[in-house]
file model31.cif (mmCIF, C-alpha atoms)
data_input
#
loop_
_atom_site.group_PDB
_atom_site.id
_atom_site.type_symbol
_atom_site.label_atom_id
_atom_site.label_comp_id
_atom_site.auth_asym_id
_atom_site.auth_seq_id
_atom_site.Cartn_x
_atom_site.Cartn_y
_atom_site.Cartn_z
ATOM 1 C CA MET N 234 -109.386 -89.777 59.514
ATOM 2 C CA SER N 235 -106.483 -87.632 60.658
ATOM 3 C CA ILE N 236 -104.114 -85.792 58.406
ATOM 4 C CA ASP N 237 -100.478 -85.931 59.218
ATOM 5 C CA THR N 238 -99.237 -82.337 59.275
ATOM 6 C CA ARG N 239 -95.667 -83.558 59.116
ATOM 7 C CA THR N 240 -96.123 -84.234 55.419
ATOM 8 C CA ASP N 241 -96.397 -80.488 55.001
ATOM 9 C CA GLU N 242 -92.777 -80.104 56.058
ATOM 10 C CA VAL N 243 -90.653 -78.686 53.397
ATOM 11 C CA ALA N 244 -87.833 -80.809 52.125
ATOM 12 C CA ASP N 245 -85.202 -78.508 53.592
ATOM 13 C CA GLY N 246 -86.286 -79.312 57.117
ATOM 14 C CA THR N 247 -88.367 -76.257 57.976
ATOM 15 C CA ALA N 248 -91.807 -76.690 59.266
ATOM 16 C CA ALA N 249 -94.729 -75.292 57.385
ATOM 17 C CA GLY N 250 -95.656 -71.890 58.681
ATOM 18 C CA ASP N 251 -92.056 -71.032 59.632
ATOM 19 C CA THR N 252 -90.786 -67.830 58.042
ATOM 20 C CA ALA N 253 -87.261 -66.578 57.582
ATOM 21 C CA THR N 254 -87.742 -64.089 60.418
ATOM 22 C CA ASP N 255 -88.700 -66.895 62.787
ATOM 23 C CA ARG N 256 -85.406 -68.667 62.217
ATOM 24 C CA GLU N 257 -82.210 -67.794 64.020
ATOM 25 C CA VAL N 258 -79.628 -66.974 61.386
ATOM 26 C CA PRO N 259 -76.023 -67.230 62.476
ATOM 27 C CA PRO N 260 -73.955 -64.024 61.885
ATOM 28 C CA ALA N 261 -71.972 -63.958 58.660
ATOM 29 C CA ASP N 262 -68.739 -63.054 60.484
ATOM 30 C CA GLY N 263 -68.551 -66.466 62.100
ATOM 31 C CA GLY N 264 -69.895 -65.354 65.465
ATOM 32 C CA ARG N 265 -68.119 -62.023 65.983
ATOM 33 C CA SER N 266 -70.266 -59.240 67.342
ATOM 34 C CA ALA N 267 -71.278 -56.173 65.284
ATOM 35 C CA THR N 268 -69.184 -53.931 67.585
ATOM 36 C CA ALA N 269 -66.033 -55.903 66.885
ATOM 37 C CA SER N 270 -66.539 -55.572 63.143
ATOM 38 C CA ARG N 271 -66.669 -51.751 63.453
ATOM 39 C CA TRP N 272 -63.106 -51.451 64.869
ATOM 40 C CA PRO N 273 -61.284 -52.070 61.581
ATOM 41 C CA ARG N 274 -63.444 -49.424 59.895
ATOM 42 C CA ARG N 275 -62.745 -46.899 62.660
ATOM 43 C CA LEU N 276 -59.036 -47.684 62.569
ATOM 44 C CA LEU N 277 -58.976 -47.275 58.787
ATOM 45 C CA GLY N 278 -60.794 -43.939 59.105
ATOM 46 C CA ALA N 279 -58.321 -42.709 61.733
ATOM 47 C CA VAL N 280 -55.372 -43.745 59.554
ATOM 48 C CA LEU N 281 -56.849 -41.961 56.536
ATOM 49 C CA VAL N 282 -57.421 -38.755 58.543
ATOM 50 C CA THR N 283 -53.843 -38.917 59.873
ATOM 51 C CA VAL N 284 -52.442 -39.413 56.374
ATOM 52 C CA VAL N 285 -54.470 -36.475 55.014
ATOM 53 C CA VAL N 286 -53.404 -34.160 57.876
ATOM 54 C CA ALA N 287 -49.739 -35.194 57.493
ATOM 55 C CA SER N 288 -49.917 -34.645 53.724
ATOM 56 C CA VAL N 289 -51.379 -31.162 54.149
ATOM 57 C CA ALA N 290 -48.709 -30.286 56.745
ATOM 58 C CA LEU N 291 -45.893 -31.548 54.505
ATOM 59 C CA ALA N 292 -47.299 -29.664 51.518
ATOM 60 C CA ALA N 293 -47.410 -26.464 53.599
ATOM 61 C CA VAL N 294 -43.798 -26.916 54.770
ATOM 62 C CA PHE N 295 -42.516 -27.706 51.272
ATOM 63 C CA GLY N 296 -44.537 -24.809 49.852
ATOM 64 C CA TRP N 297 -43.031 -22.412 52.391
ATOM 65 C CA LYS N 298 -39.497 -23.690 51.674
ATOM 66 C CA LEU N 299 -40.041 -23.367 47.922
ATOM 67 C CA LYS N 300 -41.376 -19.815 48.312
ATOM 68 C CA ASN N 301 -38.427 -18.888 50.532
ATOM 69 C CA ALA N 302 -35.967 -20.331 48.003
ATOM 70 C CA ASN N 303 -37.703 -18.433 45.179
ATOM 71 C CA ASP N 304 -37.637 -15.203 47.221
ATOM 72 C CA ILE N 305 -33.898 -15.580 47.847
ATOM 73 C CA GLU N 306 -33.200 -16.405 44.196
ATOM 74 C CA SER N 307 -35.210 -13.384 43.046
ATOM 75 C CA ALA N 308 -33.492 -11.104 45.587
ATOM 76 C CA ALA N 309 -30.059 -12.375 44.563
ATOM 77 C CA GLU N 310 -30.752 -11.733 40.875
ATOM 78 C CA GLN N 311 -32.075 -8.205 41.485
ATOM 79 C CA ALA N 312 -29.160 -7.334 43.789
ATOM 80 C CA ARG N 313 -26.628 -8.798 41.330
ATOM 81 C CA ALA N 314 -27.978 -6.707 38.437
ATOM 82 C CA THR N 315 -27.975 -3.550 40.587
ATOM 83 C CA ALA N 316 -24.441 -4.277 41.834
ATOM 84 C CA ARG N 317 -23.164 -4.660 38.250
ATOM 85 C CA ASN N 318 -24.592 -1.252 37.291
ATOM 86 C CA TYR N 319 -23.386 0.333 40.497
ATOM 87 C CA ALA N 320 -19.843 -1.024 40.035
ATOM 88 C CA VAL N 321 -19.712 0.751 36.652
ATOM 89 C CA THR N 322 -20.926 3.991 38.287
ATOM 90 C CA LEU N 323 -18.345 3.607 41.044
ATOM 91 C CA THR N 324 -15.400 2.931 38.727
ATOM 92 C CA SER N 325 -16.260 5.321 35.888
ATOM 93 C CA ILE N 326 -15.327 8.952 36.526
ATOM 94 C CA SER N 327 -14.574 12.022 34.496
ATOM 95 C CA ALA N 328 -12.850 15.162 35.755
ATOM 96 C CA ASP N 329 -15.428 17.157 33.781
ATOM 97 C CA GLY N 330 -18.458 15.523 35.446
ATOM 98 C CA LEU N 331 -17.336 14.809 38.996
ATOM 99 C CA ASP N 332 -20.310 16.399 40.733
ATOM 100 C CA GLN N 333 -22.806 14.217 38.867
ATOM 101 C CA ASN N 334 -20.628 11.144 39.366
ATOM 102 C CA PHE N 335 -20.417 11.714 43.129
ATOM 103 C CA THR N 336 -24.174 12.334 43.306
ATOM 104 C CA ASP N 337 -24.830 9.047 41.475
ATOM 105 C CA VAL N 338 -22.442 7.139 43.749
ATOM 106 C CA LEU N 339 -24.058 8.503 46.916
ATOM 107 C CA ASP N 340 -27.559 7.833 45.526
ATOM 108 C CA GLY N 341 -26.730 4.122 45.203
ATOM 109 C CA ALA N 342 -25.109 3.818 48.634
ATOM 110 C CA THR N 343 -26.308 3.301 52.187
ATOM 111 C CA GLY N 344 -24.959 2.700 55.677
ATOM 112 C CA GLU N 345 -21.229 2.334 56.293
ATOM 113 C CA PHE N 346 -20.189 2.794 52.679
ATOM 114 C CA LYS N 347 -22.284 5.943 52.178
ATOM 115 C CA ASP N 348 -20.843 7.496 55.340
ATOM 116 C CA MET N 349 -17.257 6.694 54.348
ATOM 117 C CA TYR N 350 -17.712 7.952 50.779
ATOM 118 C CA SER N 351 -19.402 11.179 51.940
ATOM 119 C CA GLN N 352 -16.549 11.949 54.351
ATOM 120 C CA SER N 353 -13.803 11.434 51.749
ATOM 121 C CA SER N 354 -15.609 12.877 48.702
ATOM 122 C CA GLU N 355 -14.178 16.432 48.876
ATOM 123 C CA GLN N 356 -10.565 15.262 49.126
ATOM 124 C CA LEU N 357 -11.129 12.695 46.392
ATOM 125 C CA LYS N 358 -12.740 15.286 44.098
ATOM 126 C CA GLN N 359 -9.777 17.635 44.449
ATOM 127 C CA LEU N 360 -7.293 14.831 43.778
ATOM 128 C CA LEU N 361 -9.152 13.801 40.613
ATOM 129 C CA ILE N 362 -9.376 17.418 39.381
ATOM 130 C CA ASP N 363 -5.671 18.091 40.057
ATOM 131 C CA ASN N 364 -4.635 14.972 38.129
ATOM 132 C CA ARG N 365 -7.232 15.306 35.340
ATOM 133 C CA ALA N 366 -8.209 11.705 36.041
ATOM 134 C CA ASP N 367 -10.626 9.770 33.924
ATOM 135 C CA ALA N 368 -11.654 6.148 34.330
ATOM 136 C CA LYS N 369 -14.020 3.764 32.627
ATOM 137 C CA GLY N 370 -15.039 0.616 34.466
ATOM 138 C CA VAL N 371 -16.460 -2.573 32.966
ATOM 139 C CA VAL N 372 -17.728 -5.606 34.902
ATOM 140 C CA VAL N 373 -16.268 -8.691 33.235
ATOM 141 C CA GLU N 374 -17.638 -11.332 35.620
ATOM 142 C CA ASP N 375 -19.861 -11.550 38.670
ATOM 143 C CA GLY N 376 -21.384 -14.051 41.040
ATOM 144 C CA ILE N 377 -23.409 -14.367 44.221
ATOM 145 C CA LYS N 378 -21.345 -14.984 47.345
ATOM 146 C CA SER N 379 -24.270 -15.180 49.805
ATOM 147 C CA ALA N 380 -27.926 -14.168 49.776
ATOM 148 C CA THR N 381 -30.984 -13.600 51.935
ATOM 149 C CA PRO N 382 -34.211 -11.861 50.840
ATOM 150 C CA THR N 383 -32.859 -8.480 52.085
ATOM 151 C CA LYS N 384 -29.045 -8.751 51.952
ATOM 152 C CA VAL N 385 -26.844 -10.090 49.153
ATOM 153 C CA GLU N 386 -23.066 -10.248 48.776
ATOM 154 C CA VAL N 387 -21.954 -9.985 45.155
ATOM 155 C CA LEU N 388 -18.451 -10.770 43.910
ATOM 156 C CA LEU N 389 -17.479 -8.679 40.867
ATOM 157 C CA PHE N 390 -14.416 -8.662 38.618
ATOM 158 C CA VAL N 391 -13.948 -5.173 37.204
ATOM 159 C CA ASP N 392 -11.602 -3.894 34.502
ATOM 160 C CA GLN N 393 -10.936 -0.162 34.766
ATOM 161 C CA ALA N 394 -9.149 1.858 32.069
ATOM 162 C CA VAL N 395 -7.502 4.844 33.811
ATOM 163 C CA THR N 396 -5.871 7.960 32.383
ATOM 164 C CA ASN N 397 -4.427 11.007 34.171
ATOM 165 C CA THR N 398 -1.744 13.667 33.730
ATOM 166 C CA VAL N 399 1.013 11.197 34.680
ATOM 167 C CA THR N 400 -0.209 8.371 32.398
ATOM 168 C CA PRO N 401 -2.069 9.875 29.430
ATOM 169 C CA GLU N 402 -2.271 6.445 27.759
ATOM 170 C CA PRO N 403 -5.001 4.251 29.285
ATOM 171 C CA ARG N 404 -3.722 1.836 31.905
ATOM 172 C CA MET N 405 -5.842 -1.226 32.699
ATOM 173 C CA ASP N 406 -6.494 -1.952 36.361
ATOM 174 C CA ARG N 407 -8.176 -5.225 37.248
ATOM 175 C CA SER N 408 -10.010 -5.389 40.552
ATOM 176 C CA ARG N 409 -11.940 -7.939 42.511
ATOM 177 C CA VAL N 410 -14.772 -6.289 44.446
ATOM 178 C CA VAL N 411 -17.083 -7.736 47.086
ATOM 179 C CA MET N 412 -20.170 -5.555 47.273
ATOM 180 C CA THR N 413 -22.795 -5.981 49.993
ATOM 181 C CA MET N 414 -26.224 -4.961 48.733
ATOM 182 C CA GLU N 415 -29.093 -4.269 51.116
ATOM 183 C CA LEU N 416 -32.778 -3.814 50.332
ATOM 184 C CA VAL N 417 -33.790 -0.366 51.649
ATOM 185 C CA ASP N 418 -37.300 0.973 50.943
ATOM 186 C CA GLY N 419 -37.642 -1.250 47.887
ATOM 187 C CA ARG N 420 -34.201 -0.352 46.418
ATOM 188 C CA TRP N 421 -30.992 -2.356 46.420
ATOM 189 C CA LEU N 422 -28.195 -0.141 47.757
ATOM 190 C CA ALA N 423 -24.498 -0.783 48.402
ATOM 191 C CA SER N 424 -23.778 -0.822 52.150
ATOM 192 C CA LYS N 425 -20.226 -2.124 51.923
ATOM 193 C CA VAL N 426 -17.592 -2.247 49.164
ATOM 194 C CA ASP N 427 -14.426 -4.278 49.766
ATOM 195 C CA LEU N 428 -11.432 -4.880 47.532
ATOM 196 C CA PRO N 429 -9.980 -8.079 49.019
#

call {"tool": "encode", "arguments": {"input": "model31.cif", "output": "structure tokens"}}
result
Amino acid sequence: MSIDTRTDEVADGTAAGDTATDREVPPADGGRSATASRWPRRLLGAVLVTVVVASVALAAVFGWKLKNANDIESAAEQARATARNYAVTLTSISADGLDQNFTDVLDGATGEFKDMYSQSSEQLKQLLIDNRADAKGVVVEDGIKSATPTKVEVLLFVDQAVTNTVTPEPRMDRSRVVMTMELVDGRWLASKVDLP
């Protein structure tokens, strides 16, 4: 009596003794090869790397621009404050303290302005002594005209009360001054003073 081995077939159509590794399983991607399925991953990786590099580069550029803007703003504020004080020194004189006044003016000056002031100081001193001149300057308004980290132009409006032998009662002079401040060895100094 023979036994029909076909009765041992499983209902799903696989023969007895077949294992899952013996069967040919179609690829899940509908027949595409494994190499083709790697391309989207590689492309995504390349895009992500590009985005990260671009983001770092943009952050560096914006960081540099922000630092530069902060440096200019800080320089402008320091130069403006120094220019205000220097304008008072420059416009406040007393016949009794001319030597100290001239020393202070020259100490806060540099370049073209220092040279010009040094050359005319002796004549100016004698004129002030002869006329018993006194003046008191006050900065009433100021603003930044232009600025870099090492050079700042400051616009100042100065009121100066002046007395001398001809006008013993104080006379008010109002001046507009453009002062160029330059950073020299860590100090802001006036290199140019214009009265436009």

call {"tool": "resolve_selection", "arguments": {"input": "model31.cif", "expression": "the PyMOL selection byres ((chain N and resi 380) around 10)", "output": "list in words"}}
result
Ile305, Glu306, Ser307, Ala308, Ala309, Glu310, Ala312, Ile377, Lys378, Ser379, Thr381, Pro382, Thr383, Lys384, Val385, Glu386, Val387, Thr413 and Met414 of chain N

call {"tool": "resolve_selection", "arguments": {"input": "model31.cif", "expression": "the PyMOL selection byres ((chain N and resi 323-330) around 7)", "output": "number ranges by chain"}}
result
N: 319-322, 331-334, 338, 361-362, 365-370, 393

call {"tool": "atom_distance", "arguments": {"input": "model31.cif", "atom1": "atom CA of Ser424 of chain N", "atom2": "atom CA of Asp340 of chain N"}}
result
11.5 Å

call {"tool": "atom_distance", "arguments": {"input": "model31.cif", "atom1": "atom CA of Asp418 of chain N", "atom2": "atom CA of Val372 of chain N"}}
result
26.1 Å

call {"tool": "closest_residue", "arguments": {"input": "model31.cif", "among": "N:Ser354, N:Thr396, N:Arg313, N:Met349", "to": "Met412 of chain N", "atoms": "only C-alpha atoms"}}
result
N:Arg313

call {"tool": "build_atoms", "arguments": {"input": "model31.cif", "residues": "segment 321-352 of chain N", "atoms": "N, CA and C atoms", "output": "short mmCIF file (atom, residue, chain, number, x, y, z; two decimals), in the frame of the given file"}}
result
data_model
loop_
_atom_site.label_atom_id
_atom_site.label_comp_id
_atom_site.auth_asym_id
_atom_site.auth_seq_id
_atom_site.Cartn_x
_atom_site.Cartn_y
_atom_site.Cartn_z
N VAL N 321 -20.09 -0.10 37.79
CA VAL N 321 -19.71 0.75 36.65
C VAL N 321 -19.77 2.22 37.07
N THR N 322 -20.81 2.61 37.79
CA THR N 322 -20.93 3.99 38.29
C THR N 322 -19.75 4.33 39.20
N LEU N 323 -19.40 3.40 40.06
CA LEU N 323 -18.34 3.61 41.04
C LEU N 323 -16.96 3.70 40.42
N THR N 324 -16.74 3.00 39.32
CA THR N 324 -15.40 2.93 38.73
C THR N 324 -15.26 3.76 37.46
N SER N 325 -16.32 4.46 37.07
CA SER N 325 -16.26 5.32 35.89
C SER N 325 -16.38 6.77 36.34
N ILE N 326 -15.32 7.54 36.11
CA ILE N 326 -15.33 8.95 36.53
C ILE N 326 -14.74 9.81 35.41
N SER N 327 -15.13 11.05 35.43
CA SER N 327 -14.57 12.02 34.50
C SER N 327 -14.34 13.32 35.26
N ALA N 328 -13.17 13.91 35.07
CA ALA N 328 -12.85 15.16 35.76
C ALA N 328 -13.85 16.25 35.39
N ASP N 329 -14.46 16.14 34.22
CA ASP N 329 -15.43 17.16 33.78
C ASP N 329 -16.83 16.96 34.38
N GLY N 330 -17.11 15.77 34.91
CA GLY N 330 -18.46 15.52 35.45
C GLY N 330 -18.43 14.94 36.84
N LEU N 331 -17.50 15.40 37.67
CA LEU N 331 -17.34 14.81 39.00
C LEU N 331 -18.55 14.99 39.90
N ASP N 332 -19.16 16.16 39.84
CA ASP N 332 -20.31 16.40 40.73
C ASP N 332 -21.44 15.39 40.48
N GLN N 333 -21.75 15.17 39.20
CA GLN N 333 -22.81 14.22 38.87
C GLN N 333 -22.39 12.80 39.25
N ASN N 334 -21.11 12.47 39.01
CA ASN N 334 -20.63 11.14 39.37
C ASN N 334 -20.75 10.90 40.87
N PHE N 335 -20.34 11.87 41.68
CA PHE N 335 -20.42 11.71 43.13
C PHE N 335 -21.87 11.64 43.60
N THR N 336 -22.75 12.40 42.97
CA THR N 336 -24.17 12.33 43.31
C THR N 336 -24.73 10.95 43.01
N ASP N 337 -24.36 10.38 41.85
CA ASP N 337 -24.83 9.05 41.48
C ASP N 337 -24.30 7.98 42.43
N VAL N 338 -23.02 8.12 42.82
CA VAL N 338 -22.44 7.14 43.75
C VAL N 338 -23.16 7.20 45.09
N LEU N 339 -23.38 8.37 45.62
CA LEU N 339 -24.06 8.50 46.92
C LEU N 339 -25.52 8.06 46.84
N ASP N 340 -26.17 8.25 45.70
CA ASP N 340 -27.56 7.83 45.53
C ASP N 340 -27.70 6.31 45.59
N GLY N 341 -26.67 5.59 45.19
CA GLY N 341 -26.73 4.12 45.20
C GLY N 341 -26.13 3.50 46.44
N ALA N 342 -25.78 4.32 47.44
CA ALA N 342 -25.11 3.82 48.63
C ALA N 342 -25.99 3.97 49.87
N THR N 343 -25.63 3.21 50.90
CA THR N 343 -26.31 3.30 52.19
C THR N 343 -25.33 2.90 53.29
N GLY N 344 -25.70 3.19 54.52
CA GLY N 344 -24.96 2.70 55.68
C GLY N 344 -23.50 3.10 55.72
N GLU N 345 -22.67 2.14 56.09
CA GLU N 345 -21.23 2.33 56.29
C GLU N 345 -20.54 2.90 55.06
N PHE N 346 -20.86 2.34 53.90
CA PHE N 346 -20.19 2.79 52.68
C PHE N 346 -20.57 4.24 52.33
N LYS N 347 -21.83 4.58 52.48
CA LYS N 347 -22.28 5.94 52.18
C LYS N 347 -21.60 6.95 53.10
N ASP N 348 -21.51 6.61 54.39
CA ASP N 348 -20.84 7.50 55.34
C ASP N 348 -19.38 7.71 54.97
N MET N 349 -18.67 6.62 54.68
CA MET N 349 -17.26 6.69 54.35
C MET N 349 -17.04 7.50 53.07
N TYR N 350 -17.86 7.26 52.06
CA TYR N 350 -17.71 7.95 50.78
C TYR N 350 -18.02 9.44 50.92
N SER N 351 -19.05 9.77 51.71
CA SER N 351 -19.40 11.18 51.94
C SER N 351 -18.26 11.94 52.62
N GLN N 352 -17.63 11.29 53.60
CA GLN N 352 -16.55 11.95 54.35
C GLN N 352 -15.31 12.20 53.49
#
